[in-house]
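Structure data (mmCIF, C-alpha atoms and all ligand atoms) from work.cif:
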data_model
#
loop_
_atom_site.label_atom_id
_atom_site.label_comp_id
_atom_site.auth_asym_id
_atom_site.auth_seq_id
_atom_site.Cartn_x
_atom_site.Cartn_y
_atom_site.Cartn_z
CA MET A 1 -36.85 -39.03 -8.36
CA GLY A 2 -35.65 -37.91 -11.77
CA SER A 3 -36.66 -34.32 -11.11
CA PHE A 4 -34.93 -34.39 -7.74
CA ILE A 5 -31.66 -35.40 -9.36
CA GLN A 6 -32.14 -32.73 -12.01
CA ALA A 7 -32.70 -30.11 -9.31
CA LEU A 8 -29.59 -31.31 -7.49
CA LEU A 9 -27.53 -31.10 -10.68
CA LEU A 10 -28.84 -27.60 -11.32
CA ALA A 11 -27.90 -26.51 -7.79
CA VAL A 12 -24.39 -27.93 -8.14
CA THR A 13 -23.98 -26.23 -11.54
CA MET A 14 -25.07 -22.88 -10.14
CA LEU A 15 -22.79 -23.21 -7.13
CA THR A 16 -19.83 -24.07 -9.36
CA ALA A 17 -20.58 -21.09 -11.61
CA THR A 18 -20.72 -18.81 -8.56
CA ILE A 19 -17.42 -20.03 -7.16
CA GLY A 20 -15.76 -19.87 -10.59
CA GLY A 21 -17.03 -16.33 -11.11
CA VAL A 22 -15.60 -15.09 -7.83
CA GLY A 23 -12.23 -16.71 -8.51
CA VAL A 24 -11.94 -15.19 -11.98
CA ARG A 25 -12.88 -11.71 -10.81
CA ALA A 26 -10.39 -11.82 -7.93
CA GLN A 27 -7.55 -12.81 -10.27
CA GLU A 28 -8.28 -10.31 -13.03
CA ALA A 29 -8.76 -7.29 -10.80
CA PRO A 30 -7.34 -7.78 -7.31
CA GLU A 31 -7.88 -4.15 -6.39
CA GLU A 32 -11.58 -4.15 -7.18
CA PRO A 33 -12.81 -5.36 -3.77
CA VAL A 34 -10.93 -2.52 -2.10
CA LEU A 35 -12.63 0.07 -4.28
CA ASP A 36 -16.01 -1.37 -3.33
CA ARG A 37 -15.39 -0.83 0.37
CA PRO A 38 -16.51 2.18 2.39
CA PRO A 39 -13.97 5.01 2.70
CA GLY A 40 -10.88 3.89 4.54
CA VAL A 41 -7.14 3.65 4.27
CA THR A 42 -5.28 1.02 2.29
CA VAL A 43 -1.81 -0.27 3.12
CA ARG A 44 -0.18 -2.35 0.40
CA LEU A 45 2.12 -5.26 1.18
CA GLN A 46 4.85 -5.17 -1.46
CA GLU A 47 8.40 -6.54 -1.51
CA ASN A 48 8.10 -7.61 2.14
CA ARG A 49 7.20 -4.10 3.29
CA PHE A 50 4.10 -2.26 4.39
CA ARG A 51 3.49 0.73 2.12
CA PRO A 52 3.06 3.19 3.59
CA ALA A 53 4.62 1.88 6.79
CA ARG A 54 2.90 4.59 8.83
CA VAL A 55 -0.61 5.92 8.37
CA THR A 56 -2.50 8.48 10.43
CA VAL A 57 -6.27 8.09 10.54
CA ALA A 58 -9.30 9.41 12.39
CA ALA A 59 -10.88 7.22 15.06
CA GLY A 60 -13.42 4.89 13.51
CA THR A 61 -11.42 4.37 10.32
CA THR A 62 -11.04 0.94 8.82
CA VAL A 63 -7.54 0.15 7.60
CA VAL A 64 -7.28 -2.43 4.83
CA TRP A 65 -4.04 -4.30 4.23
CA VAL A 66 -3.81 -5.71 0.70
CA ASN A 67 -1.22 -8.32 -0.21
CA ASP A 68 0.07 -6.81 -3.47
CA GLU A 69 3.08 -9.07 -4.07
CA GLU A 70 3.75 -10.01 -7.69
CA ASP A 71 4.82 -13.53 -6.70
CA PRO A 72 1.52 -15.35 -6.00
CA SER A 73 3.18 -17.61 -3.43
CA VAL A 74 4.23 -14.84 -1.02
CA GLU A 75 2.02 -14.87 2.05
CA HIS A 76 1.96 -12.18 4.72
CA ASN A 77 0.09 -11.50 7.92
CA VAL A 78 -0.65 -8.45 10.05
CA ILE A 79 -0.27 -8.83 13.81
CA ALA A 80 -0.61 -6.15 16.48
CA ARG A 81 2.53 -5.90 18.60
CA ASP A 82 0.36 -6.37 21.71
CA TYR A 83 -1.41 -9.29 19.98
CA ARG A 84 -4.86 -7.72 20.46
CA TRP A 85 -5.67 -8.34 16.81
CA ALA A 86 -4.13 -10.40 14.07
CA SER A 87 -4.82 -11.69 10.61
CA ASP A 88 -4.22 -15.18 9.34
CA ASN A 89 -1.61 -15.55 6.60
CA PHE A 90 -3.01 -14.26 3.33
CA PHE A 91 -1.97 -14.48 -0.30
CA PRO A 92 -1.59 -11.84 -3.04
CA GLY A 93 -4.99 -10.51 -4.05
CA GLU A 94 -6.34 -11.07 -0.54
CA ALA A 95 -6.82 -8.51 2.19
CA TYR A 96 -7.26 -8.09 5.92
CA GLU A 97 -8.99 -5.18 7.61
CA HIS A 98 -9.23 -3.79 11.11
CA THR A 99 -11.23 -0.84 12.41
CA PHE A 100 -9.55 1.48 14.90
CA ASP A 101 -12.04 3.09 17.26
CA THR A 102 -9.69 4.38 19.97
CA PRO A 103 -6.98 7.04 19.53
CA GLY A 104 -3.44 5.81 20.06
CA VAL A 105 -0.38 4.41 18.32
CA TYR A 106 -0.78 0.87 17.06
CA ARG A 107 2.39 -0.92 16.02
CA TYR A 108 2.16 -4.13 14.05
CA PHE A 109 4.32 -6.60 12.16
CA CYS A 110 4.33 -9.61 9.86
CA ASP A 111 5.79 -12.60 11.69
CA LEU A 112 6.85 -14.28 8.43
CA HIS A 113 9.35 -11.56 7.49
CA GLY A 114 11.77 -10.04 9.97
CA GLY A 115 11.72 -6.25 9.94
CA MET A 116 8.36 -6.06 8.19
CA VAL A 117 6.74 -3.57 10.55
CA GLY A 118 4.31 -0.70 10.45
CA GLN A 119 2.16 1.54 12.57
CA VAL A 120 -1.25 3.12 12.57
CA ILE A 121 -1.67 6.41 14.40
CA VAL A 122 -5.28 6.99 15.37
CA GLU A 123 -6.26 10.54 16.23
CU CU A 201 5.29 -10.71 5.48
#

I need this file expressed as structure tokens, please.
Ligand SMILES: [Cu+2]
Amino acid sequence: MGSFIQALLLAVTMLTATIGGVGVRAQEAPEEPVLDRPPGVTVRLQENRFRPARVTVAAGTTVVWVNDEEDPSVEHNVIARDYRWASDNFFPGEAYEHTFDTPGVYRYFCDLHGGMVGQVIVE
């Protein structure tokens, strides 16, 4: 029984260390996860705007939206105007991604901030 409890404690300790490690890394270098991703296009969410607000990409490209607000309490979301895809709300340091396989013009917005709109042109 003693060894079982020891094993359980060890597992909890390792899990806590893992969670703590992820949290620290995300706070110190919020852009790092983006750099680790396969080639794609990044749109930054800053000052309640999408930057750049319009990107043109090849079919099959993954677009990554990164909440880059300085105020850690400012959430955003990314919602297709036709509602075919949508993120949940996400905080600074977090990201949402969507892969565009079909050519066309894809308009989107953040429903938390009026006028926060953008578009992805897929060629
Ligand atoms: Cu927003």

Check your understanding: If I put a ball of radius 8 Å at (-7.5, -0.5, 7.0) in the file's coordinates, which residues poke into it when counting all atoms listed in the file, written as a PyMOL selection string?
Key -> chain A and resi 40-43+61-65+96-99

Residues from the last selection, C-alpha atoms, saved as an mmCIF file, in the coordinates of the input:
data_model
loop_
_atom_site.group_PDB
_atom_site.id
_atom_site.type_symbol
_atom_site.label_atom_id
_atom_site.label_comp_id
_atom_site.auth_asym_id
_atom_site.auth_seq_id
_atom_site.Cartn_x
_atom_site.Cartn_y
_atom_site.Cartn_z
ATOM 1 C CA GLY A 40 -10.880 3.890 4.540
ATOM 2 C CA VAL A 41 -7.140 3.650 4.270
ATOM 3 C CA THR A 42 -5.280 1.020 2.290
ATOM 4 C CA VAL A 43 -1.810 -0.270 3.120
ATOM 5 C CA THR A 61 -11.420 4.370 10.320
ATOM 6 C CA THR A 62 -11.040 0.940 8.820
ATOM 7 C CA VAL A 63 -7.540 0.150 7.600
ATOM 8 C CA VAL A 64 -7.280 -2.430 4.830
ATOM 9 C CA TRP A 65 -4.040 -4.300 4.230
ATOM 10 C CA TYR A 96 -7.260 -8.090 5.920
ATOM 11 C CA GLU A 97 -8.990 -5.180 7.610
ATOM 12 C CA HIS A 98 -9.230 -3.790 11.110
ATOM 13 C CA THR A 99 -11.230 -0.840 12.410
#

Review point. Which residues, protein or nucleic acid, reach to within 12 Å of (-17.8, 6.6, 15.0) in the file's coordinates when using only C-alpha atoms, and can you give that as an NGL selection string?
Key: :A and (58-62 or 99-103)

All residues having an atom within 8 Å of ligand CU 201 (chain A) (all atoms listed in the file) as a PDB file with C-alpha atoms, keeping the file's coordinate frame:
ATOM      1  CA  LEU A  45       2.120  -5.260   1.180  1.00  0.00           C
ATOM      2  CA  ASN A  48       8.100  -7.610   2.140  1.00  0.00           C
ATOM      3  CA  ARG A  49       7.200  -4.100   3.290  1.00  0.00           C
ATOM      4  CA  VAL A  74       4.230 -14.840  -1.020  1.00  0.00           C
ATOM      5  CA  GLU A  75       2.020 -14.870   2.050  1.00  0.00           C
ATOM      6  CA  HIS A  76       1.960 -12.180   4.720  1.00  0.00           C
ATOM      7  CA  ASN A  77       0.090 -11.500   7.920  1.00  0.00           C
ATOM      8  CA  VAL A  78      -0.650  -8.450  10.050  1.00  0.00           C
ATOM      9  CA  PHE A 109       4.320  -6.600  12.160  1.00  0.00           C
ATOM     10  CA  CYS A 110       4.330  -9.610   9.860  1.00  0.00           C
ATOM     11  CA  ASP A 111       5.790 -12.600  11.690  1.00  0.00           C
ATOM     12  CA  LEU A 112       6.850 -14.280   8.430  1.00  0.00           C
ATOM     13  CA  HIS A 113       9.350 -11.560   7.490  1.00  0.00           C
ATOM     14  CA  GLY A 114      11.770 -10.040   9.970  1.00  0.00           C
ATOM     15  CA  MET A 116       8.360  -6.060   8.190  1.00  0.00           C
TER      16      MET A 116
END

Check your understanding: What does the distance between atom CA of A:Arg107 and atom CA of A:Ala80 come to in Å, to one decimal place?
Key ->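 So the two atoms, atom CA of A:Arg107 and atom CA of A:Ala80, lie 6.0 Å apart.
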
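When atom CA of A:Phe90 is paired with atom CA of A:Ser73, their separation reads 9.8 Å.
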
Check your understanding: Of the residues A:Ile121, A:Ile79, A:Asn67, A:Ser87, which is the one nearest to A:Glu47, using only C-alpha atoms?
Key ->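 The answer is A:Asn67, which sits nearest to A:Glu47.
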
Point to revise | For atom CA of A:Gly118 and atom CA of A:Arg54, the interatomic separation in Å (one decimal) | key: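 Separation between atom CA of A:Gly118 and atom CA of A:Arg54: 5.7 Å.
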
**Study point:** Using all atoms listed in the file: which of A:Arg84, A:Val122, A:Val117, A:Ala95 has the shortest distance to A:Pro52
**Key:**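 Counting all atoms listed in the file, the residue closest to A:Pro52 is A:Val117.
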